[in-house]
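Engineer: Quick one: the structure is below, and I'll ask about it shortly.
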Amino acid sequence: MSSSSHLFSINLVDFRHSRYSISQNRQVLSPLACLNVDVRAPDSVSSKPPALGQNAQRVKEIMEEENRVLVGTYARAPVVLSSGKGCKLYDIDGREYLDLTAGIAVNALGHGDPDWLQALTDQANTLTHVSNIYYSVPQVELAKRLVASSFADRVFFTNSGTEANEAAIKFARKFQRYLHPSEEQPPVEFIAFSNCFHGRTMGALALTSKEHYRIPFEPVMPGVNFLEYGDTQAATKLISSGKIAAVFVEPIQGEGGIYSATKEFLEALRTACDCAGALLVFDEVQCGLGRAGYLWAHEAYGVYPDMMTLAKPLAGGLPIGAVLMSERVAGCISYGDHGSTFAGSPLVCSAAIAVVDKILKPGFLASVSKKGKYFKDLLVKKLGGNAHVKEVRGLGLIIGIELDVPASPLVDACRQSGLLILTAGKGNVVRLVPPLVISEQELDIAAEILLDCLPALDGSS
């Protein structure tokens with residue numbers, strides 16, 4: 001442990017039962033009490049933090065207004081967030097939260113990154129949207145960067161991860177018809193895996209394994225075969241049947257519970273797809289673009305797909321998705337086969353260029369790997385002895401803590417203590433996907449809060 005980490009540990013003991021503000025220059029430590037945390041708002045919001053709870057009535061009003069005017073699809077946490085800076089978020093009372101959610105693995109550069117803001121501001125002052133009827137420079141420049149840094153030859157832009165997977169479904173079907181022009185029924189089926197998540201629109205939903213997502217909307221797209229994640233034998237057998245258009249797989253499952261594939265499994269899928277003429281599609285919507293400590297998660301295994309879908313972190317908080325593909329796949333796609341009004345706009349692509357350029361800077365990915373290992377080792381050391389903790393797993397800064405009880409009481413306790421975290425899997429996995437720019441000191445704070453809040457699980461069943 002570094003000297004700064006050692007000093008931090010000492011101070012945590014000194015201040016454990018006190019209430020302190022977290023200063024912007026990080027010289028004062030994070031609060032660890034599980035309730036009523038006093039914290040300071042950023043200077044841009046207020047030079048003096050409001051009294052805790054003074055906006056309670058306004059919070060209640062906002063929640064009631066949301067309930068009246070929005071469709072009830074989200075079970076929101078009872079927090080109204082108003083601003084963010086770096087890896088910190090602030091609610092309307094000025095309370096500070098260390099953000100280990102990153103907008104569900106979206107805010108790779110944290111909140112308010114100056115280079116991202118500058119790129120966004122400059123482009124907004126120039127040109128925001130023209131549609132895909134015309135050429136625009138930022139879209140071409142972003143595509144050039146993605147092609148140059150990946151297996152791909154071409155890119156198709158969308159507005160989200162589920163749209164990227166929808167596009168990949170269509171492209172796979174078109175590829176098979178192109179490959180088998182004389183066959184009345186070319187391969188049209190798909191393989192997906194247990195615990196997978198590929199989106200909520202109808203095609204991507206059909207590829208998503210959790211039945212409670214699919215059942216209310218059936219019938220969904222037919223022809224999807226679900227196999228056990230990692231079952232090489234079953235996958236090879238089904239791919240070799242000649243009925244499979246494409247195999248969709250996440251190299252690291254996020255929503256499913258932070259499960260990593262093995263090199264042998266992905267290699268077997270690649271070999272079987274090559275032999276049968278099926279396409280291999282890697283869904284890196286959550287695990288890609290630096291999250292795993294590699295630019296692309298599949299690089300950790302040395303196995304490369306025919307298509308890869310991206311989204312979450314690509315534009316640093318603005319909506320974007322992409323399908324990266326080989327020339328072999330792109331060659332079968334014609335004018336009018338697919339399209340989008342908003343996708344690849346100058347504004348969003350300029351923001352994405354800022355994100356990609358920063359992640360590609362020398363040392364950035366190495367720092368993600370280093371911090372990921374540091375954090376995982378720290379969590380094992382601090383939490384591993386707790387009876388409720390079954391496993392700490394992950395790669396880079398996509399980490400899961402599997403529990404033997406539901407994780408929601410821990411999530412609630414951490415939020416009250418100033419730490420924002422997520423769940424995954426069957427609700428029993430804590431998902432930690434902080435901004436990639438998070439510091440080791442902030443990871444120390446997060447680990448200590450998690451440790452202090454573990455007793456919240458003792459009443460779970």
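Please note that chains go A, B, ... in the order of the structure tokens, that every chain numbers its residues from 1, and that ligands are numbered from 1 in the order shown.
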Would you kindly return, as a PyMOL selection string, each protein, DNA or RNA residue with an atom no farther than 12 Å from any atom of Tyr134 (chain A), considering only C-alpha atoms and excluding same-chain residues fewer than 5 positions away?
Structural biologist: chain A and resi 129+139-140+341+344-346
Engineer: Dump N, CA and C atoms for the selected residues as a PDB file, in the first residue's frame?
Structural biologist:
```pdb
ATOM      1  N   HIS A 129     -26.500  18.932 -35.892  1.00  0.00           N
ATOM      2  CA  HIS A 129     -27.173  17.800 -36.533  1.00  0.00           C
ATOM      3  C   HIS A 129     -27.493  18.137 -37.984  1.00  0.00           C
ATOM      4  N   GLN A 139     -18.168  12.592 -37.895  1.00  0.00           N
ATOM      5  CA  GLN A 139     -18.550  11.183 -38.041  1.00  0.00           C
ATOM      6  C   GLN A 139     -17.439  10.395 -38.733  1.00  0.00           C
ATOM      7  N   VAL A 140     -16.879  10.963 -39.775  1.00  0.00           N
ATOM      8  CA  VAL A 140     -15.797  10.289 -40.492  1.00  0.00           C
ATOM      9  C   VAL A 140     -14.560  10.164 -39.603  1.00  0.00           C
ATOM     10  N   THR A 341     -31.899   8.474 -38.288  1.00  0.00           N
ATOM     11  CA  THR A 341     -31.945   9.932 -38.421  1.00  0.00           C
ATOM     12  C   THR A 341     -30.866  10.601 -37.588  1.00  0.00           C
ATOM     13  N   GLY A 344     -24.706   9.271 -35.369  1.00  0.00           N
ATOM     14  CA  GLY A 344     -23.501   9.840 -35.944  1.00  0.00           C
ATOM     15  C   GLY A 344     -23.549  11.330 -36.151  1.00  0.00           C
ATOM     16  N   SER A 345     -24.327  12.042 -35.340  1.00  0.00           N
ATOM     17  CA  SER A 345     -24.422  13.496 -35.501  1.00  0.00           C
ATOM     18  C   SER A 345     -23.083  14.156 -35.204  1.00  0.00           C
ATOM     19  N   PRO A 346     -22.820  15.325 -35.786  1.00  0.00           N
ATOM     20  CA  PRO A 346     -21.563  16.018 -35.509  1.00  0.00           C
ATOM     21  C   PRO A 346     -21.335  16.276 -34.026  1.00  0.00           C
TER      22      PRO A 346
END
```
Engineer: Would you mind writing down, as number ranges by chain, each residue of region 214-314 of chain A that DSSP on the backbone assigns to helix (DSSP H, G or I)?
Structural biologist: A: 214-217, 232-239, 263-276, 297-300
Engineer: Hey, can you spit out that residue selection with N, CA and C atoms as a tab-separated table (two decimals), in the first residue's frame?
Structural biologist:
```tsv
chain	number	residue	atom	x	y	z
A	214	ARG	N	-38.38	-10.72	-21.11
A	214	ARG	CA	-38.98	-11.11	-22.38
A	214	ARG	C	-40.46	-11.43	-22.30
A	215	ILE	N	-40.87	-12.16	-21.26
A	215	ILE	CA	-42.21	-12.75	-21.22
A	215	ILE	C	-43.34	-11.74	-21.40
A	216	PRO	N	-43.27	-10.54	-20.79
A	216	PRO	CA	-44.39	-9.61	-20.97
A	216	PRO	C	-44.58	-9.14	-22.41
A	217	PHE	N	-43.60	-9.38	-23.27
A	217	PHE	CA	-43.64	-8.82	-24.62
A	217	PHE	C	-43.64	-9.90	-25.70
A	232	THR	N	-18.71	-24.95	-24.20
A	232	THR	CA	-18.07	-25.05	-25.51
A	232	THR	C	-18.67	-26.17	-26.36
A	233	GLN	N	-18.91	-27.30	-25.73
A	233	GLN	CA	-19.40	-28.46	-26.48
A	233	GLN	C	-20.77	-28.20	-27.09
A	234	ALA	N	-21.68	-27.66	-26.29
A	234	ALA	CA	-23.04	-27.40	-26.79
A	234	ALA	C	-23.02	-26.35	-27.88
A	235	ALA	N	-22.20	-25.31	-27.70
A	235	ALA	CA	-22.13	-24.24	-28.69
A	235	ALA	C	-21.56	-24.76	-30.01
A	236	THR	N	-20.50	-25.51	-29.94
A	236	THR	CA	-19.87	-26.04	-31.15
A	236	THR	C	-20.83	-26.94	-31.91
A	237	LYS	N	-21.54	-27.76	-31.19
A	237	LYS	CA	-22.50	-28.67	-31.82
A	237	LYS	C	-23.60	-27.91	-32.55
A	238	LEU	N	-24.16	-26.89	-31.89
A	238	LEU	CA	-25.27	-26.16	-32.50
A	238	LEU	C	-24.80	-25.30	-33.67
A	239	ILE	N	-23.64	-24.69	-33.53
A	239	ILE	CA	-23.11	-23.88	-34.64
A	239	ILE	C	-22.88	-24.75	-35.87
A	263	LYS	N	-10.65	-17.90	-22.43
A	263	LYS	CA	-10.02	-17.85	-23.74
A	263	LYS	C	-10.42	-19.07	-24.57
A	264	GLU	N	-10.47	-20.23	-23.93
A	264	GLU	CA	-10.81	-21.47	-24.63
A	264	GLU	C	-12.24	-21.41	-25.19
A	265	PHE	N	-13.16	-20.83	-24.43
A	265	PHE	CA	-14.54	-20.73	-24.88
A	265	PHE	C	-14.64	-19.83	-26.11
A	266	LEU	N	-14.03	-18.66	-26.06
A	266	LEU	CA	-14.11	-17.74	-27.19
A	266	LEU	C	-13.37	-18.29	-28.41
A	267	GLU	N	-12.25	-18.96	-28.18
A	267	GLU	CA	-11.53	-19.57	-29.30
A	267	GLU	C	-12.38	-20.66	-29.97
A	268	ALA	N	-13.09	-21.42	-29.14
A	268	ALA	CA	-13.94	-22.48	-29.70
A	268	ALA	C	-15.08	-21.89	-30.52
A	269	LEU	N	-15.67	-20.78	-30.03
A	269	LEU	CA	-16.72	-20.12	-30.80
A	269	LEU	C	-16.18	-19.61	-32.12
A	270	ARG	N	-14.99	-19.03	-32.10
A	270	ARG	CA	-14.39	-18.49	-33.32
A	270	ARG	C	-14.15	-19.61	-34.34
A	271	THR	N	-13.61	-20.71	-33.88
A	271	THR	CA	-13.31	-21.83	-34.77
A	271	THR	C	-14.59	-22.42	-35.35
A	272	ALA	N	-15.59	-22.62	-34.50
A	272	ALA	CA	-16.85	-23.22	-34.95
A	272	ALA	C	-17.56	-22.31	-35.95
A	273	CYS	N	-17.55	-21.00	-35.69
A	273	CYS	CA	-18.19	-20.05	-36.61
A	273	CYS	C	-17.48	-20.05	-37.95
A	274	ASP	N	-16.17	-20.09	-37.93
A	274	ASP	CA	-15.41	-20.11	-39.18
A	274	ASP	C	-15.73	-21.36	-40.00
A	275	CYS	N	-15.85	-22.48	-39.34
A	275	CYS	CA	-16.12	-23.74	-40.04
A	275	CYS	C	-17.53	-23.77	-40.63
A	276	ALA	N	-18.49	-23.17	-39.92
A	276	ALA	CA	-19.89	-23.26	-40.34
A	276	ALA	C	-20.35	-22.07	-41.16
A	297	ALA	N	-12.39	-5.46	-24.76
A	297	ALA	CA	-12.27	-6.55	-23.80
A	297	ALA	C	-11.77	-7.83	-24.46
A	298	HIS	N	-12.16	-8.06	-25.72
A	298	HIS	CA	-11.75	-9.32	-26.38
A	298	HIS	C	-10.25	-9.39	-26.60
A	299	GLU	N	-9.56	-8.24	-26.53
A	299	GLU	CA	-8.11	-8.27	-26.69
A	299	GLU	C	-7.43	-9.03	-25.55
A	300	ALA	N	-8.10	-9.12	-24.42
A	300	ALA	CA	-7.55	-9.88	-23.30
A	300	ALA	C	-7.44	-11.37	-23.63
```
Engineer: For CA of Ser83 (chain A) and CA of Asn107 (chain A), quote the distance in Å rounded to one decimal.
Structural biologist: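 Computing it gives 13.5 Å between the two atoms.
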Engineer: Residues at most 6 Å from region 401-404 of chain A, counting only C-alpha atoms, excluding those fewer than 4 positions away in the same chain, as a PyMOL selection string?
Structural biologist: chain A and resi 388-392+428-430
Engineer: So that I have them on file, write out the residues from the current selection with N, CA and C atoms, as an mmCIF file, in the first residue's frame.
Structural biologist:
```
data_model
loop_
_atom_site.group_PDB
_atom_site.id
_atom_site.type_symbol
_atom_site.label_atom_id
_atom_site.label_comp_id
_atom_site.auth_asym_id
_atom_site.auth_seq_id
_atom_site.Cartn_x
_atom_site.Cartn_y
_atom_site.Cartn_z
ATOM 1 N N HIS A 388 -21.084 -13.034 4.126
ATOM 2 C CA HIS A 388 -22.012 -12.828 3.008
ATOM 3 C C HIS A 388 -21.299 -12.717 1.667
ATOM 4 N N VAL A 389 -20.000 -12.498 1.657
ATOM 5 C CA VAL A 389 -19.254 -12.283 0.420
ATOM 6 C C VAL A 389 -18.744 -13.620 -0.110
ATOM 7 N N LYS A 390 -19.240 -14.019 -1.278
ATOM 8 C CA LYS A 390 -18.858 -15.294 -1.870
ATOM 9 C C LYS A 390 -17.664 -15.162 -2.809
ATOM 10 N N GLU A 391 -17.612 -14.054 -3.560
ATOM 11 C CA GLU A 391 -16.536 -13.901 -4.538
ATOM 12 C C GLU A 391 -16.424 -12.450 -4.959
ATOM 13 N N VAL A 392 -15.196 -12.023 -5.203
ATOM 14 C CA VAL A 392 -14.926 -10.738 -5.851
ATOM 15 C C VAL A 392 -14.289 -11.057 -7.193
ATOM 16 N N ASN A 428 -28.020 -10.251 -6.473
ATOM 17 C CA ASN A 428 -27.116 -10.602 -5.372
ATOM 18 C C ASN A 428 -25.663 -10.246 -5.674
ATOM 19 N N VAL A 429 -25.444 -9.485 -6.749
ATOM 20 C CA VAL A 429 -24.087 -9.073 -7.115
ATOM 21 C C VAL A 429 -24.000 -7.557 -7.062
ATOM 22 N N VAL A 430 -23.007 -7.042 -6.349
ATOM 23 C CA VAL A 430 -22.709 -5.610 -6.369
ATOM 24 C C VAL A 430 -21.851 -5.346 -7.594
#
```
Engineer: My list of candidates is A:Leu98, A:Leu436, A:Leu324, A:Cys414. Which is closest to Ala292 (chain A) when distances are computed with only C-alpha atoms?
Structural biologist: A:Leu436
Engineer: Residues near Arg200 (chain A), anyone? I mean within 7 Å using only C-alpha atoms, not counting same-chain ones fewer than 3 positions away, as a list in words.
Structural biologist: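 The neighbour list is Thr162, Ala204 and Leu205 of chain A.
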Engineer: Quick one: pick out all strand (DSSP E) residues within region 207-411 of chain A from a backbone DSSP run and write them as number ranges by chain.
Structural biologist: A: 224-227, 244-249, 252-253, 259-260, 279-283, 307-310, 321-325, 389-395, 398-403
Engineer: Store the residues picked out above in a file with C-alpha atoms, as a short mmCIF file (atom, residue, chain, number, x, y, z; two decimals), in the first residue's frame.
Structural biologist:
```
data_model
loop_
_atom_site.label_atom_id
_atom_site.label_comp_id
_atom_site.auth_asym_id
_atom_site.auth_seq_id
_atom_site.Cartn_x
_atom_site.Cartn_y
_atom_site.Cartn_z
CA VAL A 224 -32.84 -17.67 -30.66
CA ASN A 225 -31.11 -20.56 -28.88
CA PHE A 226 -29.88 -19.98 -25.31
CA LEU A 227 -26.91 -22.02 -24.15
CA ILE A 244 -26.94 -20.35 -37.09
CA ALA A 245 -26.58 -16.92 -38.65
CA ALA A 246 -24.59 -15.44 -35.77
CA VAL A 247 -23.45 -16.02 -32.21
CA PHE A 248 -23.84 -13.10 -29.80
CA VAL A 249 -21.62 -13.15 -26.73
CA ILE A 252 -17.44 -10.01 -19.92
CA GLN A 253 -21.07 -10.04 -18.84
CA TYR A 259 -18.83 -13.11 -15.48
CA SER A 260 -15.78 -13.34 -17.74
CA LEU A 279 -20.73 -14.76 -37.69
CA LEU A 280 -19.24 -14.13 -34.26
CA VAL A 281 -20.56 -10.95 -32.63
CA PHE A 282 -18.99 -9.56 -29.47
CA ASP A 283 -21.28 -7.32 -27.45
CA MET A 307 -18.82 -7.68 -35.61
CA MET A 308 -18.62 -5.82 -32.32
CA THR A 309 -21.29 -3.64 -30.76
CA LEU A 310 -20.41 -0.59 -28.67
CA GLY A 321 -23.91 3.23 -30.38
CA ALA A 322 -21.83 1.59 -33.05
CA VAL A 323 -21.38 -1.67 -34.91
CA LEU A 324 -17.80 -2.35 -35.97
CA MET A 325 -17.42 -4.98 -38.66
CA VAL A 389 -19.25 -12.28 0.42
CA LYS A 390 -18.86 -15.29 -1.87
CA GLU A 391 -16.54 -13.90 -4.54
CA VAL A 392 -14.93 -10.74 -5.85
CA ARG A 393 -14.38 -10.95 -9.61
CA GLY A 394 -13.85 -8.87 -12.72
CA LEU A 395 -11.22 -7.35 -14.93
CA ILE A 398 -15.68 -3.77 -14.12
CA ILE A 399 -15.87 -5.59 -10.80
CA GLY A 400 -18.55 -7.71 -9.15
CA ILE A 401 -18.99 -8.73 -5.52
CA GLU A 402 -21.20 -11.80 -5.31
CA LEU A 403 -23.20 -12.11 -2.10
#
```
Engineer: Write out as a PyMOL selection string which residues come within 9 Å of Leu378 (chain A) when counting only C-alpha atoms, dropping same-chain ones fewer than 4 positions away.
Structural biologist: chain A and resi 373-374+382-383+443-444+447
Engineer: For the residues in the current selection, export N, CA, C and O atoms as an mmCIF file, in the first residue's frame.
Structural biologist:
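The new file part08.cif reads:
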```cif
data_model
loop_
_atom_site.group_PDB
_atom_site.id
_atom_site.type_symbol
_atom_site.label_atom_id
_atom_site.label_comp_id
_atom_site.auth_asym_id
_atom_site.auth_seq_id
_atom_site.Cartn_x
_atom_site.Cartn_y
_atom_site.Cartn_z
ATOM 1 N N LYS A 373 -6.764 -3.818 -10.618
ATOM 2 C CA LYS A 373 -6.127 -4.840 -9.781
ATOM 3 C C LYS A 373 -6.023 -4.356 -8.334
ATOM 4 O O LYS A 373 -6.285 -5.115 -7.388
ATOM 5 N N TYR A 374 -5.651 -3.108 -8.174
ATOM 6 C CA TYR A 374 -5.537 -2.531 -6.831
ATOM 7 C C TYR A 374 -6.884 -2.613 -6.099
ATOM 8 O O TYR A 374 -6.953 -3.038 -4.931
ATOM 9 N N LYS A 382 -10.442 -6.523 2.312
ATOM 10 C CA LYS A 382 -11.329 -5.902 3.286
ATOM 11 C C LYS A 382 -12.652 -6.641 3.461
ATOM 12 O O LYS A 382 -13.192 -6.700 4.555
ATOM 13 N N LEU A 383 -13.169 -7.182 2.366
ATOM 14 C CA LEU A 383 -14.512 -7.761 2.418
ATOM 15 C C LEU A 383 -14.514 -9.280 2.381
ATOM 16 O O LEU A 383 -15.525 -9.915 2.708
ATOM 17 N N LEU A 443 -10.789 5.057 -4.594
ATOM 18 C CA LEU A 443 -11.076 3.630 -4.448
ATOM 19 C C LEU A 443 -10.907 3.186 -2.999
ATOM 20 O O LEU A 443 -11.655 2.334 -2.512
ATOM 21 N N ASP A 444 -9.930 3.753 -2.304
ATOM 22 C CA ASP A 444 -9.770 3.483 -0.871
ATOM 23 C C ASP A 444 -11.032 3.873 -0.106
ATOM 24 O O ASP A 444 -11.524 3.132 0.757
ATOM 25 N N ALA A 447 -13.896 1.416 -0.832
ATOM 26 C CA ALA A 447 -13.729 0.138 -0.138
ATOM 27 C C ALA A 447 -14.062 0.265 1.336
ATOM 28 O O ALA A 447 -14.678 -0.637 1.929
#
```
